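Take a look at the structure set out below.
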Amino acid sequence: MAQLSLKKIEKVYPNGFKAVHGVDLEVRDGEFMVFVGPSGCAKSTLLRMIAGLETITGGELRIGDKLVNDLAPKQRGIAMVFQNYALYPHMKVYDNLAFGLKLAGTPKAEVDQRVRHAAQLLEMEHLLDRYPKQLSGGQAQRVAVGRAIVKKPEVFLFDEPLSNLDAKLRASMRVRLTELHRTLRESGQPATVVYVTHDQVEAMTMGQRICVLKDGVIQQVDTPTALYDRPANAFVAGFIGSPEMNIHAAELQPMGSGLAVMLGGVALPLPESKAAKLRSRGGAIKFGLRPEHVSAVARPQGDSLAVPATVRFMEHMGSEVFVHFDIGTVPLTARVPADQLNGLAEKMRGEAHQFHLQLASCHLFDAETGTNLLL
Ligand code: ADP
Ligand code: MG
């Protein structure tokens with residue numbers, strides 16, 4: 001069993017800087033967990049504390065049922081893959097994979113079996129005879145992962161392992177690592193994975209669950225879909241999703257028997273289902289609406305609100321266009337299928353156009369704390 005349990009984990013660096021604030025987290029046995037957040041939010045610090053490379057200054061860390069706060073890295077049953085992995089340049093891939101096992105005194109036949117099994121899992125049997133300088137970036141990164149696999153760890157720790165690869169390679173390595181996790185489980189060697197990235201696309205595509213961090217504090221832990229649909233606060237809402245959710249300061253006001261959000265001088269009547277969840281009948285809030293919930297044409301369902309706006313510019317992505325426009329002085333982005341641009345395609349900067357907001361999908365956050373008011 002290799003579940004991870006973090007209880008009130010703290011990190012104060014020797015210079016007095018507090019990097020991690022009371023982190024409580026359970027990573028399930030065999031789970032693929034992603035830590036995501038902006039640079040400096042303490043992803044690496046947390047991972048390095050799990051690995052035993054950084055002291056834990058408060059709280060309890062358990063791997064399986066064992067308290068491991070004071071265990072050396074070697075005794076924790078973990079293997080780590082970094083962004084800046086270094087292969088031994090004078091050794092062939094085979095020996096790069098075998099080196100650690102040989103050092104630990106593993107019998108030769110078992111070393112061979114483990115190296116070949118790892119090479120097979122990573123589809124790199126044909127690379128075993130090459131030297132690192134004869135490998136592409138993606139192949140070298142696979143060798144680095146292979147070195148972790150041969151150790152047969154119960155827990156894999158990845159710290160931004162794909163950040164040095166170009167976009168295309170990153171995308172294919174994402175798939176490869178996700179498949180590897182599945183293959184290991186199916187082959188009876190299930191691995192618990194903690195994968196650190198600053199890239200929300202990586203987090204969304206790879207994680208079974210995602211832990212979103214900011215300034216050393218957990219913001220939310222949940223499945224990709226739940227984070228996307230039900231963000232706990234405005235930070236998570238803005239961090240997950242591309243293009244970003246439109247989030248703006250707005251004003252809540254009574255309107256008839258219901259409520260409206262005042263945004264850029266326009267009153268947006270709230271659907272009754274949303275208004276019913278709000279305690280307050282007025283005051284400052286943050287209004288959030290994902291770009292895909294704004295269209296350039298009225299929806300056939302008739303459930304969108306037409307608002308006058310000014311076109312700013314468009315980004316053509318192929319099948320979609322990101323249209324940037326203003327409601328009053330408030331800038332918003334719409335994510336429009338290219339075949340639904342209609343009259344918008346010919347519009348120039350500064351021209352007027354009606355956009356259609358699907359308010360049933362809007363989010364409202366506390367103006368100060370950012371807490372989602374509709375959950
Ligand atoms: P991330 O991996 O999310 O980018 P880090 O875990 O590397 O973030 O760093 C978290 C915070 O801790 C940052 O503010 C960083 O400057 C600080 N930090 C990292 N290492 C040290 C250290 N050795 N001494 C003091 N502060 C540190
Ligand atoms: Mg880091």
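Going by the structure tokens order, chains are called A, B, ..., each with residues numbered from 1, while ligands are numbered from 1 in the order shown.
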
Compile a residue-level contact table for chain A against ligand 1 at a cut-off of 8 Å, reporting for every qualifying residue the shortest atom pair and its distance in Å to one decimal, with only C-alpha atoms and all ligand atoms counted, rows ordered by chain and ascending number, as CSV.
residue,atom,partner,partner_atom_place_in_ligand_line,distance
A:Val12,CA,ligand 1,25 (C),8.0
A:Tyr13,CA,ligand 1,25 (C),4.9
A:Pro14,CA,ligand 1,24 (N),6.4
A:Asn15,CA,ligand 1,25 (C),5.8
A:Gly16,CA,ligand 1,25 (C),7.4
A:Phe17,CA,ligand 1,26 (N),5.7
A:Lys18,CA,ligand 1,12 (O),7.3
A:Ala19,CA,ligand 1,12 (O),4.6
A:Val20,CA,ligand 1,10 (C),7.7
A:Val36,CA,ligand 1,3 (O),7.9
A:Gly37,CA,ligand 1,3 (O),6.5
A:Pro38,CA,ligand 1,3 (O),6.2
A:Ser39,CA,ligand 1,4 (O),3.7
A:Gly40,CA,ligand 1,8 (O),3.4
A:Cys41,CA,ligand 1,3 (O),3.9
A:Ala42,CA,ligand 1,6 (O),3.2
A:Lys43,CA,ligand 1,3 (O),3.8
A:Ser44,CA,ligand 1,2 (O),3.7
A:Thr45,CA,ligand 1,6 (O),3.6
A:Leu46,CA,ligand 1,6 (O),6.5
A:Val196,CA,ligand 1,2 (O),7.9
A:His198,CA,ligand 1,3 (O),7.5
A:Asp215,CA,ligand 1,11 (C),7.4
A:Gly216,CA,ligand 1,10 (C),7.0

Report as a compact mmCIF listing (two decimals) with all heavy atoms, in the first residue's frame: the residues of range 225-279 of chain A with a DSSP assignment of strand (DSSP E or B), based on the backbone of this structure.
# COMPACT_ATOMS: atom_id res chain seq x y z
N ASN A 233 -12.92 28.85 -5.70
CA ASN A 233 -12.74 30.30 -5.58
C ASN A 233 -12.29 30.90 -6.92
O ASN A 233 -12.04 30.18 -7.89
CB ASN A 233 -11.75 30.64 -4.45
CG ASN A 233 -10.39 29.98 -4.67
OD1 ASN A 233 -9.90 29.92 -5.79
ND2 ASN A 233 -9.79 29.48 -3.59
N ASN A 246 -13.53 34.78 -17.88
CA ASN A 246 -13.67 36.23 -17.70
C ASN A 246 -14.08 36.47 -16.25
O ASN A 246 -15.13 35.94 -15.83
CB ASN A 246 -14.78 36.76 -18.62
CG ASN A 246 -14.47 36.55 -20.09
OD1 ASN A 246 -13.54 37.15 -20.62
ND2 ASN A 246 -15.24 35.67 -20.74
N ILE A 247 -13.27 37.19 -15.50
CA ILE A 247 -13.64 37.48 -14.11
C ILE A 247 -13.49 38.98 -13.87
O ILE A 247 -12.42 39.54 -14.13
CB ILE A 247 -12.75 36.71 -13.10
CG1 ILE A 247 -12.86 35.20 -13.34
CG2 ILE A 247 -13.13 37.06 -11.66
CD1 ILE A 247 -11.98 34.36 -12.43
N HIS A 248 -14.58 39.61 -13.42
CA HIS A 248 -14.54 41.06 -13.24
C HIS A 248 -15.29 41.50 -12.00
O HIS A 248 -16.30 40.88 -11.63
CB HIS A 248 -15.14 41.76 -14.47
CG HIS A 248 -14.28 41.65 -15.67
ND1 HIS A 248 -13.09 42.33 -15.81
CD2 HIS A 248 -14.41 40.90 -16.79
CE1 HIS A 248 -12.53 42.00 -16.97
NE2 HIS A 248 -13.30 41.13 -17.58
N ALA A 249 -14.82 42.60 -11.42
CA ALA A 249 -15.54 43.21 -10.32
C ALA A 249 -16.89 43.67 -10.85
O ALA A 249 -16.98 44.22 -11.96
CB ALA A 249 -14.75 44.40 -9.79
N ALA A 250 -17.94 43.43 -10.08
CA ALA A 250 -19.28 43.81 -10.50
C ALA A 250 -20.10 44.13 -9.26
O ALA A 250 -19.62 44.00 -8.13
CB ALA A 250 -19.93 42.69 -11.31
N GLU A 251 -21.33 44.51 -9.51
CA GLU A 251 -22.21 44.94 -8.42
C GLU A 251 -23.50 44.13 -8.48
O GLU A 251 -24.07 43.98 -9.56
CB GLU A 251 -22.50 46.44 -8.63
CG GLU A 251 -22.97 47.20 -7.43
CD GLU A 251 -21.85 47.46 -6.41
OE1 GLU A 251 -20.68 47.63 -6.82
OE2 GLU A 251 -22.18 47.48 -5.22
N LEU A 252 -23.90 43.60 -7.33
CA LEU A 252 -25.16 42.86 -7.27
C LEU A 252 -26.28 43.83 -6.88
O LEU A 252 -26.11 44.61 -5.95
CB LEU A 252 -25.02 41.77 -6.21
CG LEU A 252 -25.95 40.58 -6.22
CD1 LEU A 252 -25.85 39.84 -7.54
CD2 LEU A 252 -25.59 39.64 -5.07
N GLN A 253 -27.41 43.79 -7.63
CA GLN A 253 -28.50 44.73 -7.35
C GLN A 253 -29.84 44.03 -7.46
O GLN A 253 -29.99 43.15 -8.30
CB GLN A 253 -28.49 45.87 -8.37
CG GLN A 253 -27.46 46.93 -8.10
CD GLN A 253 -27.58 48.10 -9.07
OE1 GLN A 253 -28.52 48.15 -9.87
NE2 GLN A 253 -26.65 49.02 -8.98
N PRO A 254 -30.82 44.46 -6.63
CA PRO A 254 -32.17 43.92 -6.81
C PRO A 254 -32.72 44.35 -8.17
O PRO A 254 -32.42 45.46 -8.62
CB PRO A 254 -32.99 44.58 -5.68
CG PRO A 254 -31.97 45.12 -4.74
CD PRO A 254 -30.74 45.41 -5.52
N MET A 255 -33.44 43.46 -8.81
CA MET A 255 -34.06 43.80 -10.09
C MET A 255 -35.41 43.09 -10.13
O MET A 255 -35.47 41.87 -10.19
CB MET A 255 -33.17 43.33 -11.23
CG MET A 255 -33.68 43.74 -12.60
SD MET A 255 -32.61 43.00 -13.86
CE MET A 255 -33.11 43.93 -15.27
N GLY A 258 -36.16 39.74 -8.54
CA GLY A 258 -34.92 38.96 -8.54
C GLY A 258 -33.68 39.81 -8.34
O GLY A 258 -33.71 40.85 -7.69
N LEU A 259 -32.57 39.34 -8.92
CA LEU A 259 -31.29 40.03 -8.76
C LEU A 259 -30.62 40.19 -10.12
O LEU A 259 -30.82 39.39 -11.03
CB LEU A 259 -30.35 39.19 -7.88
CG LEU A 259 -30.64 39.11 -6.40
CD1 LEU A 259 -29.69 38.12 -5.73
CD2 LEU A 259 -30.50 40.49 -5.75
N ALA A 260 -29.80 41.23 -10.21
CA ALA A 260 -29.04 41.43 -11.44
C ALA A 260 -27.60 41.74 -11.09
O ALA A 260 -27.31 42.27 -10.02
CB ALA A 260 -29.63 42.57 -12.27
N VAL A 261 -26.70 41.39 -12.00
CA VAL A 261 -25.29 41.75 -11.87
C VAL A 261 -25.06 42.96 -12.75
O VAL A 261 -25.38 42.92 -13.95
CB VAL A 261 -24.39 40.59 -12.32
CG1 VAL A 261 -22.93 41.03 -12.39
CG2 VAL A 261 -24.55 39.39 -11.40
N MET A 262 -24.55 44.04 -12.18
CA MET A 262 -24.23 45.24 -12.97
C MET A 262 -22.79 45.14 -13.44
O MET A 262 -21.86 45.14 -12.64
CB MET A 262 -24.42 46.51 -12.14
CG MET A 262 -25.86 46.77 -11.72
SD MET A 262 -27.02 46.92 -13.09
CE MET A 262 -26.36 48.37 -13.94
N LEU A 263 -22.62 45.01 -14.75
CA LEU A 263 -21.28 44.84 -15.31
C LEU A 263 -21.09 45.83 -16.45
O LEU A 263 -21.83 45.80 -17.44
CB LEU A 263 -21.10 43.41 -15.83
CG LEU A 263 -19.72 43.08 -16.39
CD1 LEU A 263 -18.71 42.90 -15.26
CD2 LEU A 263 -19.77 41.81 -17.24
N VAL A 266 -24.12 47.51 -17.77
CA VAL A 266 -25.21 46.68 -18.29
C VAL A 266 -25.75 45.81 -17.16
O VAL A 266 -24.98 45.26 -16.37
CB VAL A 266 -24.70 45.78 -19.44
CG1 VAL A 266 -25.81 44.88 -19.96
CG2 VAL A 266 -24.13 46.63 -20.56
N ALA A 267 -27.09 45.71 -17.07
CA ALA A 267 -27.71 44.86 -16.05
C ALA A 267 -27.88 43.45 -16.59
O ALA A 267 -28.51 43.25 -17.63
CB ALA A 267 -29.06 45.44 -15.64
N LEU A 268 -27.28 42.48 -15.91
CA LEU A 268 -27.40 41.08 -16.32
C LEU A 268 -28.30 40.36 -15.32
O LEU A 268 -27.88 40.09 -14.19
CB LEU A 268 -26.02 40.40 -16.34
CG LEU A 268 -24.88 41.16 -17.02
CD1 LEU A 268 -23.55 40.41 -16.83
CD2 LEU A 268 -25.15 41.36 -18.50
N PRO A 269 -29.56 40.10 -15.69
CA PRO A 269 -30.47 39.45 -14.73
C PRO A 269 -30.01 38.03 -14.42
O PRO A 269 -29.69 37.26 -15.33
CB PRO A 269 -31.81 39.44 -15.47
CG PRO A 269 -31.50 39.68 -16.90
CD PRO A 269 -30.17 40.35 -17.00

CA of Arg28 in chain A to CA of Leu375 in chain A measures 25.2 Å

Give the helix (DSSP H, G or I) residues of range 128-362 of chain A, as DSSP finds them on the backbone, and put them as a ChimeraX atom specification.
/A:132-134,137-150,167-186,200-206,224-229,234-239,272-275,291-293,338-340,342-346,359-361

Ala276 in chain A surroundings by only C-alpha atoms, 12 Å radius, close-in-sequence under 3 positions cut, as a PyMOL selection string
chain A and resi 257-259+270-273+279-281+373-375

Just write the chosen residues, N, CA and C atoms, as a compact mmCIF listing (two decimals), in the first residue's frame.
# COMPACT_ATOMS: atom_id res chain seq x y z
N SER A 257 -38.31 41.22 -8.89
CA SER A 257 -38.36 40.33 -7.72
C SER A 257 -37.06 39.53 -7.60
N GLY A 258 -36.16 39.74 -8.54
CA GLY A 258 -34.92 38.96 -8.54
C GLY A 258 -33.68 39.81 -8.34
N LEU A 259 -32.57 39.34 -8.92
CA LEU A 259 -31.29 40.03 -8.76
C LEU A 259 -30.62 40.19 -10.12
N LEU A 270 -29.95 37.71 -13.14
CA LEU A 270 -29.49 36.38 -12.74
C LEU A 270 -30.62 35.37 -12.83
N PRO A 271 -30.35 34.19 -13.37
CA PRO A 271 -31.38 33.14 -13.34
C PRO A 271 -31.80 32.86 -11.90
N GLU A 272 -33.06 32.55 -11.72
CA GLU A 272 -33.60 32.33 -10.38
C GLU A 272 -32.80 31.28 -9.61
N SER A 273 -32.36 30.22 -10.32
CA SER A 273 -31.62 29.14 -9.66
C SER A 273 -30.34 29.67 -9.01
N ARG A 279 -26.91 34.73 -0.41
CA ARG A 279 -27.43 35.25 0.86
C ARG A 279 -27.68 36.75 0.73
N SER A 280 -26.73 37.42 0.03
CA SER A 280 -26.80 38.87 -0.04
C SER A 280 -27.69 39.30 -1.20
N ARG A 281 -28.38 40.41 -1.03
CA ARG A 281 -29.22 40.94 -2.11
C ARG A 281 -28.53 42.09 -2.81
N LEU A 373 -19.61 31.85 -4.44
CA LEU A 373 -20.84 32.10 -3.67
C LEU A 373 -21.98 31.18 -4.08
N LEU A 374 -21.77 30.41 -5.14
CA LEU A 374 -22.88 29.59 -5.66
C LEU A 374 -22.73 28.12 -5.35
N LEU A 375 -21.68 27.73 -4.65
CA LEU A 375 -21.48 26.30 -4.36
C LEU A 375 -22.33 25.87 -3.18

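Comparing the minimum interatomic distances between Glu31 in chain A and each of A:Glu292, A:Glu154, A:Asp229, A:Glu320, counting only C-alpha atoms, we find that A:Glu154 sits nearest.
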
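In this comparison, which uses only C-alpha atoms and all ligand atoms, the residue of A:Leu332, A:Leu213, A:Met173, A:Ala296 approaching ligand 2 most closely is A:Leu213.
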
Do you know which residues are at most 9 Å from range 113-125 of chain A counting only C-alpha atoms, after dropping those on the same chain fewer than 4 positions away, and could you put them as a PDB file with N, CA and C atoms, in the first residue's frame?
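The result, written out as out_31.pdb:
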ATOM      1  N   TYR A  94      21.322   1.443 -21.718  1.00  0.00           N
ATOM      2  CA  TYR A  94      21.187   0.243 -20.879  1.00  0.00           C
ATOM      3  C   TYR A  94      21.862   0.458 -19.532  1.00  0.00           C
ATOM      4  N   ASP A  95      23.073   0.961 -19.568  1.00  0.00           N
ATOM      5  CA  ASP A  95      23.823   1.121 -18.318  1.00  0.00           C
ATOM      6  C   ASP A  95      23.309   2.283 -17.478  1.00  0.00           C
ATOM      7  N   LEU A  97      20.236   2.888 -17.201  1.00  0.00           N
ATOM      8  CA  LEU A  97      19.085   2.298 -16.504  1.00  0.00           C
ATOM      9  C   LEU A  97      19.544   1.334 -15.412  1.00  0.00           C
ATOM     10  N   ALA A  98      20.635   0.637 -15.683  1.00  0.00           N
ATOM     11  CA  ALA A  98      21.075  -0.427 -14.770  1.00  0.00           C
ATOM     12  C   ALA A  98      21.902   0.088 -13.599  1.00  0.00           C
ATOM     13  N   LYS A 108      22.621  -9.741 -11.286  1.00  0.00           N
ATOM     14  CA  LYS A 108      22.726  -9.330 -12.678  1.00  0.00           C
ATOM     15  C   LYS A 108      21.500  -9.704 -13.519  1.00  0.00           C
ATOM     16  N   ALA A 109      20.995 -10.934 -13.306  1.00  0.00           N
ATOM     17  CA  ALA A 109      19.850 -11.395 -14.088  1.00  0.00           C
ATOM     18  C   ALA A 109      18.624 -10.531 -13.814  1.00  0.00           C
ATOM     19  N   ASP A 129      21.234   0.556 -26.780  1.00  0.00           N
ATOM     20  CA  ASP A 129      22.652   0.559 -27.144  1.00  0.00           C
ATOM     21  C   ASP A 129      23.195   1.936 -27.476  1.00  0.00           C
ATOM     22  N   GLN A 139      13.397  11.262 -26.151  1.00  0.00           N
ATOM     23  CA  GLN A 139      13.962   9.939 -25.849  1.00  0.00           C
ATOM     24  C   GLN A 139      14.770   9.987 -24.554  1.00  0.00           C
ATOM     25  N   ARG A 142      12.546   9.913 -21.677  1.00  0.00           N
ATOM     26  CA  ARG A 142      12.022   8.571 -21.434  1.00  0.00           C
ATOM     27  C   ARG A 142      13.034   7.739 -20.646  1.00  0.00           C
ATOM     28  N   VAL A 143      14.308   7.913 -20.959  1.00  0.00           N
ATOM     29  CA  VAL A 143      15.335   7.186 -20.205  1.00  0.00           C
ATOM     30  C   VAL A 143      15.297   7.617 -18.734  1.00  0.00           C
ATOM     31  N   VAL A 145      12.741   8.641 -17.098  1.00  0.00           N
ATOM     32  CA  VAL A 145      11.578   7.980 -16.495  1.00  0.00           C
ATOM     33  C   VAL A 145      11.890   6.499 -16.263  1.00  0.00           C
ATOM     34  N   GLY A 146      12.592   5.910 -17.228  1.00  0.00           N
ATOM     35  CA  GLY A 146      12.977   4.497 -17.119  1.00  0.00           C
ATOM     36  C   GLY A 146      13.819   4.237 -15.878  1.00  0.00           C
ATOM     37  N   ARG A 147      14.700   5.173 -15.567  1.00  0.00           N
ATOM     38  CA  ARG A 147      15.536   5.004 -14.365  1.00  0.00           C
ATOM     39  C   ARG A 147      14.692   4.969 -13.104  1.00  0.00           C
ATOM     40  N   ILE A 149      11.501   3.824 -13.152  1.00  0.00           N
ATOM     41  CA  ILE A 149      10.709   2.579 -13.215  1.00  0.00           C
ATOM     42  C   ILE A 149      11.499   1.366 -12.723  1.00  0.00           C
ATOM     43  N   VAL A 150      12.789   1.280 -13.098  1.00  0.00           N
ATOM     44  CA  VAL A 150      13.563   0.087 -12.715  1.00  0.00           C
ATOM     45  C   VAL A 150      13.682  -0.042 -11.196  1.00  0.00           C
ATOM     46  N   LYS A 151      13.533   1.062 -10.495  1.00  0.00           N
ATOM     47  CA  LYS A 151      13.617   0.999  -9.033  1.00  0.00           C
ATOM     48  C   LYS A 151      12.380   0.345  -8.422  1.00  0.00           C
ATOM     49  N   LYS A 152      11.340   0.135  -9.246  1.00  0.00           N
ATOM     50  CA  LYS A 152      10.055  -0.389  -8.771  1.00  0.00           C
ATOM     51  C   LYS A 152       9.574   0.344  -7.523  1.00  0.00           C
ATOM     52  N   ARG A 176       1.939   9.458 -23.112  1.00  0.00           N
ATOM     53  CA  ARG A 176       2.791   8.318 -22.785  1.00  0.00           C
ATOM     54  C   ARG A 176       2.838   8.065 -21.271  1.00  0.00           C
ATOM     55  N   LEU A 177       2.994   9.133 -20.494  1.00  0.00           N
ATOM     56  CA  LEU A 177       3.084   8.971 -19.040  1.00  0.00           C
ATOM     57  C   LEU A 177       1.750   8.532 -18.446  1.00  0.00           C
ATOM     58  N   LEU A 180       1.462   4.960 -19.232  1.00  0.00           N
ATOM     59  CA  LEU A 180       2.391   4.202 -18.399  1.00  0.00           C
ATOM     60  C   LEU A 180       1.758   3.901 -17.037  1.00  0.00           C
ATOM     61  N   THR A 183      -0.681   1.177 -17.594  1.00  0.00           N
ATOM     62  CA  THR A 183      -0.021  -0.102 -17.872  1.00  0.00           C
ATOM     63  C   THR A 183       0.553  -0.706 -16.599  1.00  0.00           C
ATOM     64  N   LEU A 184       1.158   0.118 -15.772  1.00  0.00           N
ATOM     65  CA  LEU A 184       1.730  -0.384 -14.520  1.00  0.00           C
ATOM     66  C   LEU A 184       0.652  -1.012 -13.653  1.00  0.00           C
TER      67      LEU A 184
END

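We find CA of Met206 in chain A and CA of Leu101 in chain A to be spaced 28.9 Å apart.
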